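Q: Here you go, this is query-v8.pdb (PDB, C-alpha atoms, pLDDT in the B column).
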```
ATOM      1  CA  GLY A   1      25.829  33.527  32.586  1.00 56.00           C
ATOM      2  CA  ALA A   2      26.072  30.970  35.374  1.00 83.00           C
ATOM      3  CA  GLY A   3      29.460  29.522  36.100  1.00 93.00           C
ATOM      4  CA  VAL A   4      30.477  26.131  37.420  1.00 96.00           C
ATOM      5  CA  SER A   5      28.742  25.334  40.692  1.00 96.00           C
ATOM      6  CA  GLN A   6      29.693  22.774  43.293  1.00 97.00           C
ATOM      7  CA  SER A   7      27.925  21.403  46.336  1.00 96.00           C
ATOM      8  CA  PRO A   8      28.285  21.218  49.203  1.00 97.00           C
ATOM      9  CA  SER A   9      30.754  24.050  49.769  1.00 96.00           C
ATOM     10  CA  ASN A  10      31.982  22.353  52.937  1.00 97.00           C
ATOM     11  CA  LYS A  11      31.750  18.754  54.067  1.00 97.00           C
ATOM     12  CA  VAL A  12      32.932  17.326  57.354  1.00 98.00           C
ATOM     13  CA  THR A  13      32.846  13.566  57.695  1.00 98.00           C
ATOM     14  CA  GLU A  14      34.200  10.839  59.905  1.00 97.00           C
ATOM     15  CA  LYS A  15      36.926   8.504  58.799  1.00 97.00           C
ATOM     16  CA  GLY A  16      35.490   5.471  57.041  1.00 97.00           C
ATOM     17  CA  LYS A  17      32.319   7.152  55.788  1.00 98.00           C
ATOM     18  CA  ASP A  18      31.466   7.622  52.118  1.00 98.00           C
ATOM     19  CA  VAL A  19      30.979  11.091  50.618  1.00 98.00           C
ATOM     20  CA  GLU A  20      29.533  12.414  47.383  1.00 98.00           C
ATOM     21  CA  LEU A  21      30.555  15.733  45.856  1.00 98.00           C
ATOM     22  CA  ARG A  22      28.521  17.325  43.095  1.00 98.00           C
ATOM     23  CA  CYS A  23      29.502  19.494  40.141  1.00 97.00           C
ATOM     24  CA  ASP A  24      27.223  21.391  37.758  1.00 96.00           C
ATOM     25  CA  PRO A  25      29.253  22.511  34.733  1.00 96.00           C
ATOM     26  CA  ILE A  26      28.559  25.486  32.528  1.00 95.00           C
ATOM     27  CA  SER A  27      25.635  24.694  30.259  1.00 93.00           C
ATOM     28  CA  GLY A  28      26.771  23.363  26.892  1.00 91.00           C
ATOM     29  CA  HIS A  29      30.297  22.480  28.014  1.00 93.00           C
ATOM     30  CA  THR A  30      31.152  18.971  26.918  1.00 92.00           C
ATOM     31  CA  ALA A  31      34.361  18.560  28.922  1.00 93.00           C
ATOM     32  CA  LEU A  32      34.430  18.239  32.715  1.00 95.00           C
ATOM     33  CA  TYR A  33      37.417  17.837  35.035  1.00 95.00           C
ATOM     34  CA  TRP A  34      37.966  17.111  38.706  1.00 97.00           C
ATOM     35  CA  TYR A  35      41.062  18.314  40.537  1.00 97.00           C
ATOM     36  CA  ARG A  36      42.146  18.120  44.157  1.00 97.00           C
ATOM     37  CA  GLN A  37      43.967  20.892  46.027  1.00 94.00           C
ATOM     38  CA  SER A  38      45.771  19.972  49.211  1.00 92.00           C
ATOM     39  CA  LEU A  39      48.568  21.514  51.248  1.00 84.00           C
ATOM     40  CA  GLY A  40      50.931  18.651  50.712  1.00 77.00           C
ATOM     41  CA  GLN A  41      50.296  17.850  47.062  1.00 81.00           C
ATOM     42  CA  GLY A  42      49.192  21.132  45.510  1.00 88.00           C
ATOM     43  CA  LEU A  43      46.725  20.971  42.619  1.00 92.00           C
ATOM     44  CA  GLU A  44      46.333  17.495  41.159  1.00 93.00           C
ATOM     45  CA  PHE A  45      44.251  16.203  38.274  1.00 93.00           C
ATOM     46  CA  LEU A  46      41.832  13.430  39.184  1.00 96.00           C
ATOM     47  CA  ILE A  47      39.518  12.581  36.275  1.00 95.00           C
ATOM     48  CA  TYR A  48      38.315  13.969  32.936  1.00 93.00           C
ATOM     49  CA  PHE A  49      35.058  13.451  31.030  1.00 93.00           C
ATOM     50  CA  GLN A  50      34.591  14.373  27.373  1.00 91.00           C
ATOM     51  CA  GLY A  51      31.180  13.887  25.836  1.00 87.00           C
ATOM     52  CA  ASN A  52      30.218  10.224  25.669  1.00 85.00           C
ATOM     53  CA  SER A  53      33.806   8.959  25.616  1.00 87.00           C
ATOM     54  CA  ALA A  54      35.207   6.775  28.360  1.00 89.00           C
ATOM     55  CA  PRO A  55      36.588   9.021  31.128  1.00 91.00           C
ATOM     56  CA  ASP A  56      40.299   9.508  31.691  1.00 91.00           C
ATOM     57  CA  LYS A  57      40.731   8.173  35.225  1.00 92.00           C
ATOM     58  CA  SER A  58      44.519   8.322  35.256  1.00 90.00           C
ATOM     59  CA  GLY A  59      44.664  10.783  38.168  1.00 92.00           C
ATOM     60  CA  LEU A  60      42.474   8.940  40.654  1.00 95.00           C
ATOM     61  CA  PRO A  61      44.690   8.125  43.669  1.00 94.00           C
ATOM     62  CA  SER A  62      43.019   4.858  44.664  1.00 95.00           C
ATOM     63  CA  ASP A  63      40.055   2.624  43.889  1.00 96.00           C
ATOM     64  CA  ARG A  64      38.154   4.332  46.709  1.00 98.00           C
ATOM     65  CA  PHE A  65      37.656   7.237  44.318  1.00 98.00           C
ATOM     66  CA  SER A  66      35.117   7.120  41.497  1.00 97.00           C
ATOM     67  CA  ALA A  67      33.151   9.582  39.444  1.00 96.00           C
ATOM     68  CA  GLU A  68      30.292   9.577  37.037  1.00 95.00           C
ATOM     69  CA  ARG A  69      28.685  12.068  34.746  1.00 95.00           C
ATOM     70  CA  THR A  70      25.010  11.651  34.040  1.00 86.00           C
ATOM     71  CA  GLY A  71      23.431  12.865  30.835  1.00 82.00           C
ATOM     72  CA  GLY A  72      26.618  14.612  29.820  1.00 78.00           C
ATOM     73  CA  SER A  73      26.045  17.303  32.423  1.00 91.00           C
ATOM     74  CA  VAL A  74      26.142  16.937  36.210  1.00 95.00           C
ATOM     75  CA  SER A  75      29.013  14.970  37.710  1.00 97.00           C
ATOM     76  CA  THR A  76      29.388  13.283  41.082  1.00 97.00           C
ATOM     77  CA  LEU A  77      32.723  12.410  42.676  1.00 98.00           C
ATOM     78  CA  THR A  78      32.403   9.653  45.256  1.00 98.00           C
ATOM     79  CA  ILE A  79      35.000   8.804  47.873  1.00 98.00           C
ATOM     80  CA  GLN A  80      34.415   5.574  49.735  1.00 98.00           C
ATOM     81  CA  ARG A  81      35.768   4.759  53.181  1.00 98.00           C
ATOM     82  CA  THR A  82      37.281   8.219  53.560  1.00 98.00           C
ATOM     83  CA  GLN A  83      40.716   8.615  55.106  1.00 97.00           C
ATOM     84  CA  GLN A  84      42.264  11.663  56.763  1.00 96.00           C
ATOM     85  CA  GLU A  85      44.606  12.120  53.803  1.00 95.00           C
ATOM     86  CA  ASP A  86      41.522  12.694  51.619  1.00 96.00           C
ATOM     87  CA  SER A  87      41.021  16.066  53.339  1.00 97.00           C
ATOM     88  CA  ALA A  88      41.400  18.675  50.621  1.00 96.00           C
ATOM     89  CA  VAL A  89      39.507  21.091  48.417  1.00 95.00           C
ATOM     90  CA  TYR A  90      37.958  19.323  45.456  1.00 97.00           C
ATOM     91  CA  LEU A  91      37.665  21.543  42.408  1.00 96.00           C
ATOM     92  CA  CYS A  92      35.554  20.927  39.351  1.00 97.00           C
ATOM     93  CA  ALA A  93      36.154  22.620  36.002  1.00 96.00           C
ATOM     94  CA  SER A  94      34.455  22.558  32.636  1.00 95.00           C
ATOM     95  CA  SER A  95      35.436  23.642  29.138  1.00 93.00           C
ATOM     96  CA  GLN A  96      33.522  24.064  25.934  1.00 91.00           C
ATOM     97  CA  SER A  97      35.199  21.071  24.339  1.00 86.00           C
ATOM     98  CA  GLY A  98      38.237  18.890  24.928  1.00 78.00           C
ATOM     99  CA  VAL A  99      40.494  20.978  22.685  1.00 83.00           C
ATOM    100  CA  PRO A 100      43.751  21.674  24.584  1.00 81.00           C
ATOM    101  CA  THR A 101      43.558  25.428  23.969  1.00 84.00           C
ATOM    102  CA  ASP A 102      40.132  25.708  25.578  1.00 88.00           C
ATOM    103  CA  THR A 103      39.887  27.592  28.837  1.00 91.00           C
ATOM    104  CA  GLN A 104      38.895  25.512  31.823  1.00 93.00           C
ATOM    105  CA  TYR A 105      36.431  27.343  34.070  1.00 95.00           C
ATOM    106  CA  PHE A 106      36.628  26.387  37.715  1.00 95.00           C
ATOM    107  CA  GLY A 107      33.974  26.158  40.380  1.00 95.00           C
ATOM    108  CA  PRO A 108      34.483  27.425  43.957  1.00 94.00           C
ATOM    109  CA  GLY A 109      35.328  23.962  45.239  1.00 95.00           C
ATOM    110  CA  THR A 110      34.153  21.668  48.017  1.00 97.00           C
ATOM    111  CA  ARG A 111      36.279  21.673  51.157  1.00 96.00           C
ATOM    112  CA  LEU A 112      36.330  18.138  52.555  1.00 97.00           C
ATOM    113  CA  THR A 113      37.482  17.528  56.105  1.00 97.00           C
ATOM    114  CA  VAL A 114      37.862  13.953  57.305  1.00 97.00           C
ATOM    115  CA  LEU A 115      38.050  13.670  61.089  1.00 96.00           C
TER     116      LEU A 115
ATOM    117  CA  ALA B   1      55.845  14.004  31.296  1.00 68.00           C
ATOM    118  CA  GLN B   2      55.147  17.701  31.530  1.00 74.00           C
ATOM    119  CA  SER B   3      56.038  19.622  34.662  1.00 87.00           C
ATOM    120  CA  VAL B   4      55.915  23.197  35.871  1.00 92.00           C
ATOM    121  CA  THR B   5      58.134  24.943  38.396  1.00 94.00           C
ATOM    122  CA  GLN B   6      57.208  28.211  40.052  1.00 96.00           C
ATOM    123  CA  LEU B   7      60.206  29.813  41.684  1.00 92.00           C
ATOM    124  CA  GLY B   8      59.255  31.401  44.981  1.00 91.00           C
ATOM    125  CA  SER B   9      56.270  30.187  46.965  1.00 93.00           C
ATOM    126  CA  HIS B  10      55.857  33.685  48.422  1.00 96.00           C
ATOM    127  CA  VAL B  11      56.542  37.017  46.757  1.00 97.00           C
ATOM    128  CA  SER B  12      56.096  40.364  48.480  1.00 97.00           C
ATOM    129  CA  VAL B  13      56.008  43.696  46.639  1.00 97.00           C
ATOM    130  CA  SER B  14      55.044  47.233  47.539  1.00 97.00           C
ATOM    131  CA  GLU B  15      51.959  48.803  46.046  1.00 97.00           C
ATOM    132  CA  GLY B  16      52.921  50.393  42.741  1.00 97.00           C
ATOM    133  CA  ALA B  17      55.972  48.192  42.262  1.00 98.00           C
ATOM    134  CA  LEU B  18      56.600  45.726  39.447  1.00 98.00           C
ATOM    135  CA  VAL B  19      55.171  42.254  39.895  1.00 98.00           C
ATOM    136  CA  LEU B  20      57.220  39.346  38.508  1.00 98.00           C
ATOM    137  CA  LEU B  21      56.111  35.771  39.104  1.00 98.00           C
ATOM    138  CA  ARG B  22      58.314  33.092  37.598  1.00 97.00           C
ATOM    139  CA  CYS B  23      57.238  29.947  35.787  1.00 96.00           C
ATOM    140  CA  ASN B  24      59.417  27.400  33.996  1.00 95.00           C
ATOM    141  CA  TYR B  25      58.146  24.309  32.235  1.00 92.00           C
ATOM    142  CA  SER B  26      59.775  21.117  31.082  1.00 89.00           C
ATOM    143  CA  SER B  27      58.612  19.658  27.816  1.00 77.00           C
ATOM    144  CA  SER B  28      60.204  18.377  24.634  1.00 70.00           C
ATOM    145  CA  VAL B  29      57.419  20.024  22.667  1.00 72.00           C
ATOM    146  CA  PRO B  30      56.234  23.574  23.446  1.00 73.00           C
ATOM    147  CA  PRO B  31      52.994  23.113  25.344  1.00 83.00           C
ATOM    148  CA  TYR B  32      50.056  25.369  25.979  1.00 90.00           C
ATOM    149  CA  LEU B  33      50.576  27.493  29.084  1.00 93.00           C
ATOM    150  CA  PHE B  34      48.151  29.156  31.458  1.00 95.00           C
ATOM    151  CA  TRP B  35      48.200  31.484  34.444  1.00 97.00           C
ATOM    152  CA  TYR B  36      45.374  31.282  36.948  1.00 97.00           C
ATOM    153  CA  VAL B  37      44.687  33.399  40.027  1.00 97.00           C
ATOM    154  CA  GLN B  38      42.967  32.176  43.172  1.00 95.00           C
ATOM    155  CA  TYR B  39      41.516  34.581  45.721  1.00 92.00           C
ATOM    156  CA  PRO B  40      40.816  33.292  49.255  1.00 86.00           C
ATOM    157  CA  ASN B  41      38.039  30.700  49.394  1.00 80.00           C
ATOM    158  CA  GLN B  42      37.382  30.951  45.682  1.00 85.00           C
ATOM    159  CA  GLY B  43      38.045  28.820  42.638  1.00 87.00           C
ATOM    160  CA  LEU B  44      40.664  29.521  40.013  1.00 94.00           C
ATOM    161  CA  GLN B  45      40.193  32.307  37.481  1.00 95.00           C
ATOM    162  CA  LEU B  46      42.074  32.424  34.190  1.00 96.00           C
ATOM    163  CA  LEU B  47      44.404  35.404  33.824  1.00 97.00           C
ATOM    164  CA  LEU B  48      45.856  34.557  30.421  1.00 96.00           C
ATOM    165  CA  LYS B  49      46.962  31.714  28.191  1.00 94.00           C
ATOM    166  CA  TYR B  50      49.580  30.967  25.537  1.00 92.00           C
ATOM    167  CA  THR B  51      48.333  28.858  22.645  1.00 88.00           C
ATOM    168  CA  SER B  52      51.246  29.221  20.170  1.00 80.00           C
ATOM    169  CA  ALA B  53      50.103  32.465  18.589  1.00 77.00           C
ATOM    170  CA  ALA B  54      51.772  35.651  19.876  1.00 86.00           C
ATOM    171  CA  THR B  55      54.556  35.036  22.392  1.00 90.00           C
ATOM    172  CA  LEU B  56      53.580  38.101  24.445  1.00 95.00           C
ATOM    173  CA  VAL B  57      50.184  37.449  25.918  1.00 95.00           C
ATOM    174  CA  LYS B  58      48.060  40.097  27.592  1.00 96.00           C
ATOM    175  CA  GLY B  59      45.510  39.112  30.182  1.00 96.00           C
ATOM    176  CA  ILE B  60      43.022  40.577  32.569  1.00 95.00           C
ATOM    177  CA  ASN B  61      43.752  43.071  35.341  1.00 94.00           C
ATOM    178  CA  GLY B  62      46.842  44.444  33.574  1.00 96.00           C
ATOM    179  CA  PHE B  63      48.833  41.207  33.688  1.00 97.00           C
ATOM    180  CA  GLU B  64      50.907  39.884  30.820  1.00 97.00           C
ATOM    181  CA  ALA B  65      53.284  36.999  30.214  1.00 97.00           C
ATOM    182  CA  GLU B  66      55.937  36.241  27.618  1.00 95.00           C
ATOM    183  CA  PHE B  67      56.592  32.767  26.266  1.00 94.00           C
ATOM    184  CA  LYS B  68      60.334  32.211  25.813  1.00 93.00           C
ATOM    185  CA  LYS B  69      61.081  28.879  24.210  1.00 90.00           C
ATOM    186  CA  SER B  70      64.852  29.208  24.625  1.00 90.00           C
ATOM    187  CA  GLU B  71      64.419  29.649  28.365  1.00 92.00           C
ATOM    188  CA  THR B  72      61.378  27.335  28.711  1.00 92.00           C
ATOM    189  CA  SER B  73      59.756  30.132  30.670  1.00 94.00           C
ATOM    190  CA  PHE B  74      56.401  31.865  30.896  1.00 96.00           C
ATOM    191  CA  HIS B  75      56.856  34.526  33.567  1.00 97.00           C
ATOM    192  CA  LEU B  76      53.911  36.673  34.655  1.00 98.00           C
ATOM    193  CA  THR B  77      54.355  40.433  35.049  1.00 98.00           C
ATOM    194  CA  LYS B  78      52.390  43.518  35.939  1.00 98.00           C
ATOM    195  CA  PRO B  79      53.958  46.992  35.851  1.00 97.00           C
ATOM    196  CA  SER B  80      52.287  48.340  38.990  1.00 97.00           C
ATOM    197  CA  ALA B  81      50.895  46.225  41.824  1.00 97.00           C
ATOM    198  CA  HIS B  82      47.549  46.990  43.441  1.00 96.00           C
ATOM    199  CA  MET B  83      46.431  45.847  46.854  1.00 96.00           C
ATOM    200  CA  SER B  84      43.694  43.853  45.113  1.00 95.00           C
ATOM    201  CA  ASP B  85      46.352  41.731  43.364  1.00 96.00           C
ATOM    202  CA  ALA B  86      47.123  39.924  46.609  1.00 96.00           C
ATOM    203  CA  ALA B  87      46.222  36.299  45.883  1.00 96.00           C
ATOM    204  CA  GLU B  88      47.763  32.982  44.929  1.00 96.00           C
ATOM    205  CA  TYR B  89      48.904  32.531  41.346  1.00 97.00           C
ATOM    206  CA  PHE B  90      49.259  29.231  39.537  1.00 97.00           C
ATOM    207  CA  CYS B  91      51.085  28.483  36.329  1.00 96.00           C
ATOM    208  CA  ALA B  92      49.803  25.450  34.436  1.00 94.00           C
ATOM    209  CA  VAL B  93      50.797  23.476  31.375  1.00 91.00           C
ATOM    210  CA  ARG B  94      48.708  21.423  29.027  1.00 86.00           C
ATOM    211  CA  PRO B  95      50.373  19.227  26.385  1.00 72.00           C
ATOM    212  CA  ASN B  96      49.559  20.042  22.782  1.00 64.00           C
ATOM    213  CA  ASN B  97      49.996  16.511  21.555  1.00 60.00           C
ATOM    214  CA  ALA B  98      48.190  14.355  24.076  1.00 58.00           C
ATOM    215  CA  GLY B  99      46.111  14.527  27.215  1.00 62.00           C
ATOM    216  CA  ASN B 100      43.667  17.151  28.343  1.00 75.00           C
ATOM    217  CA  MET B 101      44.367  17.804  31.988  1.00 85.00           C
ATOM    218  CA  LEU B 102      46.242  20.777  33.360  1.00 90.00           C
ATOM    219  CA  THR B 103      49.452  20.181  35.274  1.00 91.00           C
ATOM    220  CA  PHE B 104      49.935  22.940  37.841  1.00 94.00           C
ATOM    221  CA  GLY B 105      52.951  24.462  39.474  1.00 94.00           C
ATOM    222  CA  GLY B 106      53.121  24.742  43.229  1.00 94.00           C
ATOM    223  CA  GLY B 107      51.698  28.253  43.274  1.00 95.00           C
ATOM    224  CA  THR B 108      53.076  31.625  44.337  1.00 97.00           C
ATOM    225  CA  ARG B 109      51.375  33.680  47.006  1.00 96.00           C
ATOM    226  CA  LEU B 110      51.643  37.372  46.166  1.00 97.00           C
ATOM    227  CA  MET B 111      51.535  39.839  49.036  1.00 97.00           C
ATOM    228  CA  VAL B 112      51.198  43.563  48.355  1.00 97.00           C
ATOM    229  CA  LYS B 113      52.388  45.985  50.988  1.00 96.00           C
ATOM    230  CA  PRO B 114      50.848  49.459  51.269  1.00 94.00           C
TER     231      PRO B 114
END
```
Could you take the file, read its structure, and then write that structure out as structure tokens?
A:
Amino acid sequence: GAGVSQSPSNKVTEKGKDVELRCDPISGHTALYWYRQSLGQGLEFLIYFQGNSAPDKSGLPSDRFSAERTGGSVSTLTIQRTQQEDSAVYLCASSQSGVPTDTQYFGPGTRLTVL
Amino acid sequence: AQSVTQLGSHVSVSEGALVLLRCNYSSSVPPYLFWYVQYPNQGLQLLLKYTSAATLVKGINGFEAEFKKSETSFHLTKPSAHMSDAAEYFCAVRPNNAGNMLTFGGGTRLMVKP
């Protein structure tokens, strides 16, 4: 079956611009996660959605970062007023439920470059 | 807070040799543990996971890992390396009493020499 998909695969933007990154989880998965992978910080958790519950935003690095999940499926990560330190690969993952033993399935990522 | 340490950011082995990638975790309560592999320009793929059942866990592509509570370790092994095993490997921990996110180690890049 189809896996997690993300778009765009690459995004180059200028400092100060806003960007939107999209994630389509595996159909039927109720849990969705965003992570960031950068050379300096490794893999970091950003935000977690589970069903209709309020998202866990504890990993968002600043208030320039926000995310939403519409209809319990597609999610969009928005970065406002991008900075060079936002350059990274943004990975989305989904799991069948929020149970800790569930496998998280990862998408291929969006590589963001802020000039 | 949970944390994961992967000893060795780069490991090089010869084709056919044993692969050993080290992972140690810090937690007052045994967590759930995962190994993921990342090939160039791809997302992460699950190799195996420990969820408090058997301590020796077998995964895909001939990999296995053993959970050792006394050593707080979850090292990844494979008896015989293949060229196709060259990739980056991440150990991750997920608490079994709270939270849902994965906390990752720094990663180990495995190089396989012919």
Q: Which protein, DNA or RNA residues are at most 12 Å from (32.0, 6.5, 56.3) in the file's coordinates when you count all atoms listed in the file, listed as a list in words?
A: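 Residues lying no farther than 12 Å from the given point: Val12, Thr13, Glu14, Lys15, Gly16, Lys17, Asp18, Val19, Glu20, Arg64, Thr78, Ile79, Gln80, Arg81, Thr82, Gln83, Gln84, Val114 and Leu115 of chain A.
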Q: At most 6 Å is the cut-off: for each residue in chain B with any atom that close to an atom of chain A, write down the nearest atom pair and the distance in Å rounded to one decimal, counting all atoms listed in the file, chain first then increasing number, as CSV.
A:
```
residue,atom,partner,partner_atom,distance
B:Gln42,CA,A:Pro108,CA,4.9
B:Gly43,CA,A:Pro108,CA,4.0
B:Leu44,CA,A:Phe106,CA,5.6
B:Asn100,CA,A:Pro100,CA,5.9
B:Gly106,CA,A:Gly42,CA,5.8
```
Q: Check which residues satisfy the PyMOL selection byres ((chain B and resi 12) around 8) in the file shown, then give them as a ChimeraX atom specification.
A: /B:10-11,13-14,110-113
Q: Using only C-alpha atoms, determine which residues lie at most 12 Å from region 75-81 of chain B, disregarding the query and same-chain residues fewer than 6 positions distant; provide the list as a VMD selection string.
A: chain B and resid 4 to 7 11 to 25 33 to 37 47 to 50 55 to 69 87 89 to 92 108 110 to 114
Q: What separation in Å, quoted to one decimal, exists between CA of Ser52 (chain B) and CA of Arg94 (chain B)?
A: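 So the answer is 12.1 Å.
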Q: What does the PyMOL selection byres ((chain A and resi 70-74) around 7) select in this file, as a compact mmCIF listing (two decimals) with C-alpha atoms, in the coordinates of the input?
A:
```txt
# COMPACT_ATOMS: atom_id res chain seq x y z
CA CYS A 23 29.50 19.49 40.14
CA ASP A 24 27.22 21.39 37.76
CA PRO A 25 29.25 22.51 34.73
CA THR A 30 31.15 18.97 26.92
CA GLY A 51 31.18 13.89 25.84
CA GLU A 68 30.29 9.58 37.04
CA ARG A 69 28.68 12.07 34.75
CA SER A 75 29.01 14.97 37.71
CA THR A 76 29.39 13.28 41.08
```
Q: Please report the interatomic distance between CA of Ser3 (chain B) and CA of Ser28 (chain B) in Å with one decimal.
A: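 Taking CA of Ser3 (chain B) and CA of Ser28 (chain B), their separation equals 10.9 Å.
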Q: What separation in Å, quoted to one decimal, exists between CA of Ala67 (chain A) and CA of Lys11 (chain A)?
A: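 About the pair CA of Ala67 (chain A) and CA of Lys11 (chain A): they are 17.3 Å apart.
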Q: Restricting the calculation to only C-alpha atoms: of A:Gly3, A:Ala54, A:Asp86, A:Pro8, which residue gets closest to Ser27 (chain A)?
A: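 When distances to Ser27 (chain A) are compared using only C-alpha atoms, the smallest one comes from A:Gly3.
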Q: Under the rule that all atoms listed in the file are counted, which of A:Ala2, A:Arg36, A:Ser62, A:Leu77 is the nearest residue to Arg22 (chain A)?
A: A:Leu77
